[in-house]
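One file, query_11.cif, is given below (mmCIF, C-alpha atoms and all ligand atoms).
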```
data_my_file
loop_
_atom_site.label_atom_id
_atom_site.label_comp_id
_atom_site.auth_asym_id
_atom_site.auth_seq_id
_atom_site.Cartn_x
_atom_site.Cartn_y
_atom_site.Cartn_z
CA MET A 1 -32.40 -12.05 -14.64
CA ASP A 2 -32.53 -8.75 -16.54
CA GLU A 3 -31.35 -6.19 -14.04
CA LEU A 4 -29.59 -7.31 -10.86
CA ARG A 5 -30.73 -5.09 -8.00
CA ILE A 6 -28.63 -5.09 -4.87
CA GLY A 7 -29.06 -3.92 -1.27
CA VAL A 8 -26.36 -3.44 1.36
CA ILE A 9 -26.78 -4.16 5.08
CA GLY A 10 -23.99 -2.29 6.88
CA ALA A 11 -23.44 0.33 4.20
CA GLY A 12 -20.51 2.16 5.86
CA GLY A 13 -17.02 0.78 6.57
CA ARG A 14 -16.52 -2.42 4.63
CA GLY A 15 -19.93 -1.87 3.03
CA GLY A 16 -18.01 0.35 0.57
CA LEU A 17 -16.94 -2.89 -1.14
CA ALA A 18 -20.38 -3.18 -2.74
CA ALA A 19 -19.53 -0.13 -4.89
CA HIS A 20 -17.60 -2.51 -7.16
CA ALA A 21 -20.91 -4.14 -8.08
CA HIS A 22 -22.66 -0.90 -9.08
CA LYS A 23 -22.37 -0.89 -12.88
CA PRO A 24 -25.70 0.33 -14.28
CA GLU A 25 -24.26 0.09 -17.81
CA THR A 26 -24.04 -3.71 -17.32
CA GLY A 27 -27.44 -3.98 -15.61
CA VAL A 28 -26.20 -4.17 -12.01
CA ARG A 29 -27.34 -1.48 -9.61
CA LEU A 30 -27.09 -0.73 -5.89
CA VAL A 31 -30.64 0.30 -5.01
CA ALA A 32 -30.87 0.17 -1.20
CA GLY A 33 -28.76 0.56 1.92
CA ALA A 34 -29.47 -0.18 5.58
CA ASP A 35 -27.27 1.33 8.27
CA ILE A 36 -27.77 2.54 11.82
CA VAL A 37 -25.61 5.64 11.25
CA PRO A 38 -27.60 8.56 9.72
CA GLU A 39 -24.60 10.13 7.89
CA THR A 40 -23.87 6.80 6.23
CA ARG A 41 -27.42 6.65 4.88
CA VAL A 42 -27.12 10.21 3.55
CA LYS A 43 -23.82 9.42 1.82
CA PHE A 44 -25.26 6.22 0.33
CA LYS A 45 -28.13 8.14 -1.25
CA GLU A 46 -25.80 10.86 -2.52
CA ARG A 47 -23.57 8.25 -4.12
CA TYR A 48 -26.18 6.00 -5.74
CA GLY A 49 -28.92 8.48 -6.59
CA PRO A 50 -32.07 10.09 -5.18
CA ASP A 51 -34.23 7.03 -5.92
CA THR A 52 -32.09 4.87 -3.66
CA PHE A 53 -33.93 3.43 -0.66
CA VAL A 54 -32.21 3.93 2.70
CA THR A 55 -33.29 2.78 6.14
CA ASP A 56 -31.99 2.19 9.65
CA ASP A 57 -34.00 -1.05 9.83
CA TYR A 58 -32.65 -3.84 7.64
CA HIS A 59 -36.03 -5.65 7.76
CA GLU A 60 -37.48 -2.86 5.61
CA LEU A 61 -34.77 -3.43 3.02
CA LEU A 62 -35.39 -7.17 2.98
CA GLN A 63 -39.15 -6.71 2.56
CA ARG A 64 -38.59 -5.05 -0.82
CA ALA A 65 -39.45 -7.43 -3.62
CA ASP A 66 -37.33 -5.44 -6.12
CA ILE A 67 -34.05 -6.51 -4.45
CA ASP A 68 -32.41 -9.73 -5.71
CA ALA A 69 -29.20 -9.84 -3.71
CA VAL A 70 -27.75 -8.37 -0.54
CA PHE A 71 -24.25 -7.59 0.69
CA VAL A 72 -24.01 -8.25 4.44
CA SER A 73 -21.09 -6.13 5.64
CA SER A 74 -22.22 -5.44 9.18
CA PRO A 75 -20.02 -6.33 12.20
CA ASP A 76 -19.26 -10.02 12.79
CA PHE A 77 -21.78 -10.59 15.60
CA LEU A 78 -24.63 -9.55 13.27
CA HIS A 79 -23.69 -11.79 10.32
CA GLU A 80 -25.81 -14.73 11.45
CA GLU A 81 -28.93 -12.62 12.05
CA HIS A 82 -28.57 -10.56 8.87
CA ALA A 83 -27.60 -13.44 6.55
CA VAL A 84 -30.33 -15.79 7.77
CA ALA A 85 -32.97 -13.03 7.49
CA ALA A 86 -31.79 -12.16 3.94
CA LEU A 87 -31.84 -15.78 2.79
CA GLU A 88 -35.26 -16.37 4.34
CA ALA A 89 -36.47 -13.28 2.50
CA GLY A 90 -35.37 -14.94 -0.75
CA LYS A 91 -32.24 -12.86 -1.43
CA HIS A 92 -28.88 -14.12 -2.64
CA VAL A 93 -26.19 -13.12 -0.15
CA TYR A 94 -22.59 -11.88 -0.26
CA LEU A 95 -21.46 -12.34 3.35
CA GLU A 96 -18.29 -10.81 4.75
CA LYS A 97 -15.84 -12.95 6.67
CA PRO A 98 -15.90 -14.37 9.25
CA MET A 99 -19.09 -16.20 8.33
CA ALA A 100 -20.34 -15.93 11.95
CA ILE A 101 -18.83 -15.89 15.43
CA THR A 102 -19.92 -19.44 16.36
CA ILE A 103 -19.98 -22.80 14.60
CA GLU A 104 -23.72 -23.05 15.27
CA GLY A 105 -24.19 -19.65 13.62
CA CYS A 106 -22.39 -20.82 10.48
CA ASP A 107 -24.41 -24.01 10.31
CA ARG A 108 -27.64 -22.03 10.70
CA ILE A 109 -26.68 -19.81 7.75
CA LEU A 110 -25.86 -22.86 5.61
CA ARG A 111 -29.19 -24.48 6.54
CA ALA A 112 -31.05 -21.26 5.65
CA ALA A 113 -29.34 -21.08 2.20
CA PHE A 114 -30.04 -24.79 1.63
CA ALA A 115 -33.72 -24.40 2.56
CA ALA A 116 -34.26 -21.18 0.58
CA LYS A 117 -32.25 -22.44 -2.44
CA ARG A 118 -30.51 -19.09 -2.55
CA LYS A 119 -26.81 -18.47 -3.17
CA ILE A 120 -24.53 -17.78 -0.22
CA TYR A 121 -21.12 -16.39 -1.23
CA LEU A 122 -18.40 -15.74 1.35
CA GLY A 123 -16.16 -12.67 1.20
CA HIS A 124 -12.86 -14.49 1.61
CA ASN A 125 -11.08 -12.05 -0.68
CA MET A 126 -7.62 -13.43 0.11
CA ARG A 127 -8.47 -16.25 -2.33
CA HIS A 128 -8.41 -13.53 -5.00
CA MET A 129 -4.99 -12.12 -4.01
CA SER A 130 -2.28 -12.66 -6.59
CA PHE A 131 0.36 -14.08 -4.24
CA VAL A 132 -2.12 -16.61 -2.80
CA LEU A 133 -3.22 -17.60 -6.32
CA LYS A 134 0.43 -17.99 -7.36
CA MET A 135 1.12 -20.25 -4.36
CA LYS A 136 -2.00 -22.30 -5.16
CA GLU A 137 -0.94 -22.60 -8.81
CA LEU A 138 2.57 -23.79 -7.83
CA ILE A 139 1.16 -26.35 -5.39
CA ASP A 140 -1.44 -27.61 -7.88
CA LYS A 141 1.17 -28.17 -10.56
CA GLY A 142 3.32 -30.18 -8.16
CA ALA A 143 6.17 -27.67 -7.75
CA ILE A 144 6.77 -28.72 -4.12
CA GLY A 145 5.56 -32.33 -4.30
CA GLU A 146 2.98 -33.49 -1.80
CA VAL A 147 2.08 -30.81 0.76
CA LYS A 148 2.94 -31.73 4.35
CA ALA A 149 2.98 -28.46 6.31
CA GLY A 150 1.66 -24.88 6.13
CA TRP A 151 2.81 -22.06 8.40
CA CYS A 152 1.57 -18.48 8.52
CA ARG A 153 2.94 -15.55 10.51
CA HIS A 154 0.63 -12.55 10.61
CA PHE A 155 2.20 -9.20 11.53
CA ILE A 156 -0.54 -6.62 12.22
CA CYS A 157 0.90 -3.11 12.49
CA TYR A 158 -2.61 -1.59 12.67
CA GLY A 159 -3.84 -3.84 15.50
CA GLY A 160 -4.14 -1.00 18.02
CA ASP A 161 -5.89 1.25 15.50
CA ALA A 162 -8.44 -1.17 14.08
CA TYR A 163 -9.14 -3.88 16.66
CA PHE A 164 -8.89 -2.42 20.15
CA LYS A 165 -10.98 0.75 19.82
CA ASP A 166 -14.42 -0.67 18.99
CA TRP A 167 -16.52 -3.88 18.99
CA HIS A 168 -13.58 -5.95 17.70
CA ALA A 169 -12.08 -5.85 21.22
CA GLU A 170 -15.00 -7.72 22.82
CA ARG A 171 -15.34 -11.50 22.96
CA SER A 172 -19.13 -11.21 22.89
CA LYS A 173 -18.88 -9.51 19.47
CA THR A 174 -16.03 -11.43 17.80
CA THR A 175 -15.34 -14.55 19.93
CA SER A 176 -11.63 -13.73 19.43
CA LEU A 177 -9.24 -11.97 17.07
CA LEU A 178 -7.83 -15.38 16.30
CA LEU A 179 -11.19 -15.91 14.63
CA GLN A 180 -11.91 -12.37 13.39
CA LYS A 181 -8.54 -11.79 11.65
CA GLY A 182 -7.43 -15.40 11.50
CA ALA A 183 -10.53 -16.53 9.54
CA HIS A 184 -8.74 -15.31 6.40
CA ASP A 185 -5.50 -17.12 7.10
CA ILE A 186 -7.02 -20.35 8.37
CA ASP A 187 -9.06 -20.40 5.16
CA VAL A 188 -5.95 -19.79 3.02
CA LEU A 189 -4.00 -22.50 4.88
CA HIS A 190 -6.88 -24.94 4.40
CA TRP A 191 -7.09 -24.03 0.69
CA LEU A 192 -3.37 -24.24 -0.04
CA CYS A 193 -2.95 -27.44 1.97
CA GLY A 194 -6.05 -29.12 0.52
CA GLY A 195 -7.88 -30.08 3.73
CA TYR A 196 -9.81 -28.87 6.75
CA SER A 197 -8.74 -28.85 10.39
CA THR A 198 -9.94 -31.78 12.43
CA ARG A 199 -8.09 -30.83 15.62
CA VAL A 200 -6.66 -27.53 16.91
CA ASN A 201 -4.92 -26.10 19.92
CA ALA A 202 -3.54 -22.66 20.79
CA ILE A 203 -1.73 -20.53 23.32
CA GLY A 204 -1.68 -16.76 23.69
CA ALA A 205 -2.90 -13.85 25.83
CA LEU A 206 -3.77 -10.19 26.04
CA THR A 207 -0.20 -8.97 26.53
CA LEU A 208 -0.08 -5.24 25.68
CA TYR A 209 -3.30 -3.31 25.07
CA ASN A 210 -4.64 -4.08 28.56
CA GLN A 211 -1.88 -1.78 29.88
CA ILE A 212 -3.45 1.29 28.25
CA GLN A 213 -5.84 3.08 30.60
CA ASP A 214 -7.04 5.75 28.14
CA ARG A 215 -10.49 4.46 27.07
CA HIS A 216 -13.48 6.05 25.36
CA ALA A 217 -16.89 6.16 27.08
CA PRO A 218 -19.11 3.05 26.71
CA ASP A 219 -21.75 4.99 24.72
CA GLU A 220 -19.17 6.58 22.40
CA ARG A 221 -18.29 5.08 18.98
CA GLY A 222 -14.56 4.25 19.00
CA ASP A 223 -12.36 5.85 16.35
CA ALA A 224 -10.84 2.87 14.53
CA SER A 225 -9.15 4.93 11.82
CA TRP A 226 -5.45 4.24 11.52
CA SER A 227 -2.30 6.31 11.25
CA PHE A 228 1.45 5.70 11.00
CA ASP A 229 1.75 8.30 13.80
CA HIS A 230 0.16 5.90 16.29
CA TRP A 231 3.47 4.51 17.49
CA PRO A 232 4.68 2.88 19.67
CA PRO A 233 1.64 0.68 20.38
CA LEU A 234 1.42 1.72 24.04
CA ALA A 235 0.87 5.35 22.87
CA HIS A 236 -2.62 4.52 21.56
CA LYS A 237 -5.46 6.48 23.13
CA GLY A 238 -9.25 6.06 23.19
CA LEU A 239 -9.34 2.28 23.44
CA ASN A 240 -12.56 0.33 23.87
CA PRO A 241 -13.79 0.23 27.48
CA ILE A 242 -13.98 -3.57 27.33
CA ILE A 243 -10.94 -5.42 26.02
CA ASP A 244 -11.13 -9.15 26.59
CA VAL A 245 -9.68 -10.54 23.34
CA GLU A 246 -6.05 -11.56 22.94
CA ASP A 247 -3.42 -9.52 21.07
CA LEU A 248 -0.97 -12.42 20.70
CA SER A 249 -2.16 -15.87 19.56
CA MET A 250 -0.49 -18.98 18.21
CA MET A 251 -2.48 -21.94 16.99
CA GLN A 252 -1.75 -25.34 15.51
CA MET A 253 -3.99 -27.37 13.19
CA GLN A 254 -4.12 -30.99 12.20
CA LEU A 255 -5.88 -31.38 8.84
CA ASP A 256 -8.07 -34.23 7.61
CA ASN A 257 -5.49 -35.11 4.91
CA GLY A 258 -2.58 -35.47 7.35
CA VAL A 259 -1.13 -31.97 6.77
CA PHE A 260 -0.02 -29.96 9.84
CA CYS A 261 -0.41 -26.17 9.97
CA SER A 262 0.34 -23.31 12.32
CA TYR A 263 -0.79 -19.69 12.48
CA GLN A 264 0.74 -16.89 14.56
CA GLN A 265 -0.89 -13.50 15.00
CA CYS A 266 0.52 -10.38 16.71
CA HIS A 267 -1.35 -7.06 16.93
CA TYR A 268 1.56 -4.73 17.73
CA THR A 269 4.30 -5.37 15.20
CA PRO A 270 5.89 -2.31 13.51
CA ASP A 271 5.33 -3.76 10.03
CA GLY A 272 2.10 -5.14 8.60
CA TRP A 273 1.98 -8.17 6.30
CA ARG A 274 1.41 -11.91 6.15
CA ASN A 275 4.10 -14.47 5.56
CA TYR A 276 3.13 -17.97 4.45
CA THR A 277 5.34 -20.93 3.78
CA ILE A 278 4.10 -24.25 2.46
CA ILE A 279 6.41 -27.26 2.68
CA GLY A 280 6.04 -30.33 0.50
CA THR A 281 7.95 -33.55 -0.13
CA GLU A 282 9.97 -31.91 -2.93
CA GLY A 283 10.21 -28.24 -2.08
CA ARG A 284 9.01 -25.17 -0.24
CA ILE A 285 7.35 -21.89 -1.25
CA GLU A 286 7.18 -18.64 0.70
CA ASN A 287 5.86 -15.13 0.05
CA PHE A 288 7.75 -11.96 0.98
CA GLY A 289 5.40 -8.98 1.13
CA ASP A 290 1.74 -9.45 0.30
CA SER A 291 0.87 -6.39 -1.82
CA PRO A 292 1.17 -6.64 -5.60
CA GLY A 293 4.16 -4.63 -6.83
CA GLU A 294 6.10 -5.29 -3.63
CA CYS A 295 5.57 -9.02 -3.26
CA VAL A 296 7.56 -12.01 -4.42
CA VAL A 297 6.85 -15.73 -4.05
CA ARG A 298 10.02 -17.82 -3.84
CA LEU A 299 10.36 -21.51 -4.59
CA TRP A 300 13.11 -23.75 -3.19
CA ASN A 301 13.29 -27.13 -4.88
CA ARG A 302 17.03 -28.00 -4.70
CA LYS A 303 19.09 -28.84 -1.63
CA SER A 304 21.03 -25.88 -0.22
CA PHE A 305 21.92 -24.06 2.97
CA TYR A 306 20.86 -20.41 3.19
CA ASN A 307 19.63 -19.42 -0.26
CA PRO A 308 17.76 -16.12 0.24
CA TYR A 309 16.32 -15.80 -3.27
CA GLY A 310 15.23 -19.42 -3.67
CA ASP A 311 15.66 -21.47 -6.84
CA GLU A 312 12.96 -19.52 -8.64
CA GLN A 313 11.19 -16.21 -7.96
CA PHE A 314 7.74 -14.97 -9.00
CA PHE A 315 7.14 -11.23 -8.73
CA MET A 316 3.55 -10.06 -8.33
CA PRO A 317 2.83 -7.14 -10.69
CA VAL A 318 1.00 -4.00 -9.56
CA VAL A 319 -2.81 -4.34 -9.71
CA SER A 320 -5.37 -1.63 -9.03
CA GLY A 321 -8.27 -2.03 -6.59
CA GLY A 322 -8.58 -2.63 -2.83
CA HIS A 323 -6.68 -5.48 -1.14
CA GLY A 324 -4.32 -5.83 -4.09
CA GLY A 325 -7.08 -6.09 -6.69
CA ALA A 326 -8.87 -8.81 -4.73
CA ASP A 327 -11.91 -6.63 -3.94
CA PRO A 328 -13.07 -5.84 -7.50
CA SER A 329 -12.26 -9.40 -8.51
CA ILE A 330 -14.30 -11.05 -5.74
CA VAL A 331 -17.30 -8.77 -6.33
CA ASP A 332 -17.19 -9.53 -10.07
CA GLU A 333 -17.22 -13.23 -9.24
CA PHE A 334 -20.21 -12.83 -6.92
CA VAL A 335 -22.18 -10.88 -9.53
CA ARG A 336 -21.41 -13.47 -12.20
CA TYR A 337 -22.37 -16.30 -9.78
CA VAL A 338 -25.74 -14.73 -9.02
CA ARG A 339 -26.50 -13.89 -12.63
CA THR A 340 -25.30 -16.99 -14.46
CA GLY A 341 -24.17 -19.53 -11.84
CA GLY A 342 -21.04 -21.65 -12.38
CA LYS A 343 -18.11 -22.44 -10.11
CA VAL A 344 -16.61 -19.99 -7.62
CA THR A 345 -13.28 -19.59 -5.83
CA THR A 346 -14.56 -19.09 -2.29
CA SER A 347 -16.48 -21.73 -0.40
CA PRO A 348 -19.17 -21.58 2.29
CA ILE A 349 -18.00 -24.94 3.61
CA ALA A 350 -14.42 -23.70 3.89
CA ALA A 351 -15.66 -20.50 5.54
CA ARG A 352 -17.49 -22.61 8.13
CA TYR A 353 -14.39 -24.69 8.80
CA SER A 354 -12.23 -21.58 9.24
CA VAL A 355 -14.73 -20.28 11.83
CA ALA A 356 -14.80 -23.69 13.52
CA ALA A 357 -11.00 -23.80 13.74
CA GLY A 358 -10.78 -20.19 14.96
CA CYS A 359 -13.52 -20.61 17.58
CA LEU A 360 -12.13 -23.81 19.01
CA ALA A 361 -8.55 -22.54 18.95
CA ALA A 362 -9.74 -19.57 21.03
CA HIS A 363 -11.37 -21.99 23.44
CA SER A 364 -8.17 -24.02 23.62
CA LEU A 365 -6.11 -20.88 24.24
CA ARG A 366 -8.39 -19.96 27.14
CA HIS A 367 -8.27 -23.48 28.60
CA GLY A 368 -4.60 -24.31 28.92
CA GLY A 369 -3.89 -25.04 25.25
CA ILE A 370 -5.87 -28.29 25.19
CA PRO A 371 -6.38 -29.96 21.80
CA ILE A 372 -9.99 -29.82 20.58
CA ASP A 373 -11.69 -31.80 17.81
CA ILE A 374 -13.63 -29.89 15.15
CA PRO A 375 -17.22 -31.09 14.63
CA ARG A 376 -17.88 -32.23 11.08
CA LEU A 377 -20.44 -30.47 8.95
CA SER A 378 -23.38 -32.70 8.00
CA ASP A 379 -23.02 -34.67 4.76
CA ASP A 380 -26.09 -33.19 3.04
CA LEU A 381 -24.71 -29.67 3.45
CA ILE A 382 -21.22 -30.72 2.31
CA ALA A 383 -22.65 -32.34 -0.82
CA TYR A 384 -24.94 -29.41 -1.61
CA PHE A 385 -22.39 -26.63 -1.23
CA THR A 386 -19.44 -28.49 -2.77
CA ALA A 387 -21.14 -28.52 -6.17
CA ASP A 388 -20.42 -24.84 -6.87
CA VAL A 389 -16.81 -24.68 -5.63
CA MET A 390 -13.91 -24.76 -8.10
N1 LIG B 1 -12.65 -9.12 3.65
C1 LIG B 1 -11.99 -8.07 4.08
O1 LIG B 1 -10.90 -7.77 3.63
C2 LIG B 1 -12.60 -7.22 5.17
C3 LIG B 1 -12.04 -5.97 5.47
C4 LIG B 1 -12.64 -5.21 6.48
C5 LIG B 1 -13.76 -5.69 7.15
N2 LIG B 1 -14.26 -6.91 6.82
C6 LIG B 1 -15.46 -7.43 7.50
O2 LIG B 1 -16.54 -6.54 7.24
C7 LIG B 1 -17.41 -6.48 8.37
C8 LIG B 1 -17.62 -5.02 8.76
O3 LIG B 1 -16.42 -4.50 9.23
P1 LIG B 1 -16.23 -2.91 9.43
O4 LIG B 1 -14.85 -2.71 9.90
O5 LIG B 1 -16.71 -2.19 8.24
O6 LIG B 1 -17.24 -2.67 10.65
P2 LIG B 1 -18.04 -1.35 11.07
O7 LIG B 1 -18.08 -1.30 12.55
O8 LIG B 1 -17.50 -0.16 10.35
O9 LIG B 1 -19.52 -1.69 10.56
C9 LIG B 1 -19.86 -1.75 9.20
C10 LIG B 1 -21.16 -0.99 8.99
O10 LIG B 1 -22.24 -1.71 9.61
C11 LIG B 1 -23.10 -0.76 10.21
N3 LIG B 1 -23.96 -1.40 11.21
C12 LIG B 1 -23.66 -1.72 12.49
N4 LIG B 1 -24.74 -2.29 13.08
C13 LIG B 1 -25.73 -2.33 12.15
C14 LIG B 1 -27.08 -2.79 12.15
N5 LIG B 1 -27.63 -3.34 13.24
N6 LIG B 1 -27.81 -2.65 11.01
C15 LIG B 1 -27.26 -2.10 9.90
N7 LIG B 1 -25.99 -1.64 9.85
C16 LIG B 1 -25.23 -1.75 10.96
C17 LIG B 1 -22.13 0.28 10.77
O11 LIG B 1 -22.77 1.50 11.07
C18 LIG B 1 -21.13 0.39 9.63
O12 LIG B 1 -21.53 1.36 8.68
C19 LIG B 1 -16.76 -7.31 9.47
O13 LIG B 1 -17.39 -8.55 9.54
C20 LIG B 1 -15.32 -7.48 9.01
O14 LIG B 1 -14.75 -8.71 9.42
C21 LIG B 1 -13.71 -7.67 5.84
#
```

Now that the file is in, can you turn its structure into structure tokens?
Ligand SMILES: NC(=O)c1ccc[n+]([C@@H]2O[C@H](COP(=O)([O-])OP(=O)(O)OC[C@H]3O[C@@H](n4cnc5c(N)ncnc54)[C@H](O)[C@@H]3O)[C@@H](O)[C@H]2O)c1
Amino acid sequence: MDELRIGVIGAGGRGGLAAHAHKPETGVRLVAGADIVPETRVKFKERYGPDTFVTDDYHELLQRADIDAVFVSSPDFLHEEHAVAALEAGKHVYLEKPMAITIEGCDRILRAAFAAKRKIYLGHNMRHMSFVLKMKELIDKGAIGEVKAGWCRHFICYGGDAYFKDWHAERSKTTSLLLQKGAHDIDVLHWLCGGYSTRVNAIGALTLYNQIQDRHAPDERGDASWSFDHWPPLAHKGLNPIIDVEDLSMMQMQLDNGVFCSYQQCHYTPDGWRNYTIIGTEGRIENFGDSPGECVVRLWNRKSFYNPYGDEQFFMPVVSGGHGGADPSIVDEFVRYVRTGGKVTTSPIAARYSVAAGCLAAHSLRHGGIPIDIPRLSDDLIAYFTADVM
């Protein structure tokens, strides 16, 4: 492939990620953008040049034979439609997380990639974050023995800003925030613990944002920009007219290799970060902070009572680029994958299992916390997509 020509479906918001791919000097160019918002299309053209093709109808973008690959960064409920259409049109696809909002949607995307023999790459950028990579490295070299448990607490200080003012707040568009936000963390827990969930259950509820009566009109686009001034959480204004997702969720997972995991998510904490601990037969690791420059991973591998600094500490140096350097890194990997193939860090199978766990945990939460078994992906798809995963 001489020049790699890329289109973006959902060019605003997270669609900005695709900018990392635009390096004409290396033969990679963003050439087209589809978005329903007129100002976004204008900005896209201004940024990438007057010859750039812009449209409000993604079909027109996909019809163009001069586009090799597409970033799908539209809202979650459109991922299945946009990814399947792009694959069927013969494009390679970078698909934002979560893969889709149903298990069936994920499996349809995998089938479409399998049938079209096109690459599907999932935007699980947490696998490119330095603290996650450090934890994976420590586990892989046996620093904590055999992994037995993984726990993640997710403190979301921007919950009211980002998830309760637009489509994120509606079950019909996300299934649940346990899936929409949790897809990252379920994927990281699966990755660090070396297995996939076979059974999940969860409890939780909508406990705070339903108390706020100040809502925007149904035909108005919610303002999901965030500010430190939006505090306390009950002071938020302009919430989505429909709010039927939970703001507090706690799920448990039983993995196929015997590991047990849990994930807790709260959308109104004052501070915002993720805290993971992985426990093995000979030690424990835990991260404090999750941004490079202000994050340390600690390892305990000797017997002690309270030992706040652990037996060894690993400080994550400052890195430039969005999401702690993970965004440029994941886009570079996608571009390399499309151009020259090879193994990649993220996995479409893992992405499907994180959606499956998130969807069924949400169902459990809404049905008395019952345990639910995760349906297995078919063997032909597992074999096909495993080949490219590191
Ligand atoms: N990996 C990450 O760290 C990360 C971070 C943020 C968002 N995301 C994911 O990115 C996706 C987009 O999130 P967002 O917050 O940018 O959402 P958003 O609501 O801002 O939508 C993204 C863009 O899609 C456009 N769009 C909506 N409907 C469209 C349609 N029918 N055709 C074409 N364009 C359309 C919107 O106008 C917008 O420009 C979500 O799936 C989200 O989970 C991932």

If you take all atoms listed in the file and a cut-off of 8 Å, which residues of chain A touch ligand LIG 1 (chain B), and what are their nearest atom pairs and distances in Å to one decimal, in chain and number order, as a Markdown table?
```
| residue | atom | partner | partner_atom | distance |
| --- | --- | --- | --- | --- |
| A:Ile9 | CA | B:LIG1 | C15 | 5.3 |
| A:Gly10 | CA | B:LIG1 | O10 | 3.3 |
| A:Ala11 | CA | B:LIG1 | O12 | 5.0 |
| A:Gly12 | CA | B:LIG1 | O12 | 3.1 |
| A:Gly13 | CA | B:LIG1 | O5 | 3.4 |
| A:Arg14 | CA | B:LIG1 | O5 | 3.6 |
| A:Gly15 | CA | B:LIG1 | O5 | 6.1 |
| A:Ala34 | CA | B:LIG1 | C15 | 5.2 |
| A:Asp35 | CA | B:LIG1 | N7 | 3.6 |
| A:Ile36 | CA | B:LIG1 | N7 | 5.0 |
| A:Val37 | CA | B:LIG1 | O11 | 5.0 |
| A:Thr40 | CA | B:LIG1 | O12 | 6.4 |
| A:Asp56 | CA | B:LIG1 | C15 | 6.4 |
| A:Asp57 | CA | B:LIG1 | N6 | 6.5 |
| A:Tyr58 | CA | B:LIG1 | N6 | 6.0 |
| A:Val72 | CA | B:LIG1 | C7 | 7.9 |
| A:Ser73 | CA | B:LIG1 | C7 | 4.6 |
| A:Ser74 | CA | B:LIG1 | O10 | 3.8 |
| A:Pro75 | CA | B:LIG1 | O13 | 4.3 |
| A:Asp76 | CA | B:LIG1 | O13 | 4.0 |
| A:Phe77 | CA | B:LIG1 | O13 | 7.8 |
| A:Leu78 | CA | B:LIG1 | N5 | 6.9 |
| A:His79 | CA | B:LIG1 | O13 | 7.1 |
| A:Glu96 | CA | B:LIG1 | C6 | 5.2 |
| A:Lys97 | CA | B:LIG1 | O14 | 5.2 |
| A:Pro98 | CA | B:LIG1 | O14 | 5.8 |
| A:Met99 | CA | B:LIG1 | O13 | 7.9 |
| A:Gly123 | CA | B:LIG1 | N1 | 5.6 |
| A:His124 | CA | B:LIG1 | N1 | 5.7 |
| A:Asn125 | CA | B:LIG1 | N1 | 5.5 |
| A:Met126 | CA | B:LIG1 | O1 | 7.4 |
| A:Ala162 | CA | B:LIG1 | O4 | 7.8 |
| A:Asp166 | CA | B:LIG1 | O7 | 7.4 |
| A:Trp167 | CA | B:LIG1 | O7 | 7.1 |
| A:Gln180 | CA | B:LIG1 | O14 | 6.1 |
| A:Lys181 | CA | B:LIG1 | O14 | 7.3 |
| A:His184 | CA | B:LIG1 | N1 | 7.8 |
| A:His323 | CA | B:LIG1 | O1 | 6.8 |
| A:Asp327 | CA | B:LIG1 | O1 | 7.7 |
```

Extract, using only C-alpha atoms, all DNA, RNA and protein residues at most 6 Å from Ala69 in chain A, discarding same-chain residues fewer than 2 positions from it, and format them as a compact mmCIF listing (two decimals) with C-alpha atoms, in the frame of the given file.
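The resulting selection.txt:
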```
# COMPACT_ATOMS: atom_id res chain seq x y z
CA ILE A 6 -28.63 -5.09 -4.87
CA ILE A 67 -34.05 -6.51 -4.45
CA LYS A 91 -32.24 -12.86 -1.43
CA HIS A 92 -28.88 -14.12 -2.64
CA VAL A 93 -26.19 -13.12 -0.15
```

**Report entry** Within 12 Å of file point (-22.7, -20.6, 11.4), counting all atoms listed in the file, expressed as a PyMOL selection string
**Finding:** chain A and resi 76-84+95+97-113+122+348-356+359+377

Expected file: the selected residues, C-alpha atoms, as a compact mmCIF listing (two decimals), keeping the file's coordinate frame:
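Result file follows (result-v3.txt):
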```txt
# COMPACT_ATOMS: atom_id res chain seq x y z
CA ASP A 76 -19.26 -10.02 12.79
CA PHE A 77 -21.78 -10.59 15.60
CA LEU A 78 -24.63 -9.55 13.27
CA HIS A 79 -23.69 -11.79 10.32
CA GLU A 80 -25.81 -14.73 11.45
CA GLU A 81 -28.93 -12.62 12.05
CA HIS A 82 -28.57 -10.56 8.87
CA ALA A 83 -27.60 -13.44 6.55
CA VAL A 84 -30.33 -15.79 7.77
CA LEU A 95 -21.46 -12.34 3.35
CA LYS A 97 -15.84 -12.95 6.67
CA PRO A 98 -15.90 -14.37 9.25
CA MET A 99 -19.09 -16.20 8.33
CA ALA A 100 -20.34 -15.93 11.95
CA ILE A 101 -18.83 -15.89 15.43
CA THR A 102 -19.92 -19.44 16.36
CA ILE A 103 -19.98 -22.80 14.60
CA GLU A 104 -23.72 -23.05 15.27
CA GLY A 105 -24.19 -19.65 13.62
CA CYS A 106 -22.39 -20.82 10.48
CA ASP A 107 -24.41 -24.01 10.31
CA ARG A 108 -27.64 -22.03 10.70
CA ILE A 109 -26.68 -19.81 7.75
CA LEU A 110 -25.86 -22.86 5.61
CA ARG A 111 -29.19 -24.48 6.54
CA ALA A 112 -31.05 -21.26 5.65
CA ALA A 113 -29.34 -21.08 2.20
CA LEU A 122 -18.40 -15.74 1.35
CA PRO A 348 -19.17 -21.58 2.29
CA ILE A 349 -18.00 -24.94 3.61
CA ALA A 350 -14.42 -23.70 3.89
CA ALA A 351 -15.66 -20.50 5.54
CA ARG A 352 -17.49 -22.61 8.13
CA TYR A 353 -14.39 -24.69 8.80
CA SER A 354 -12.23 -21.58 9.24
CA VAL A 355 -14.73 -20.28 11.83
CA ALA A 356 -14.80 -23.69 13.52
CA CYS A 359 -13.52 -20.61 17.58
CA LEU A 377 -20.44 -30.47 8.95
```
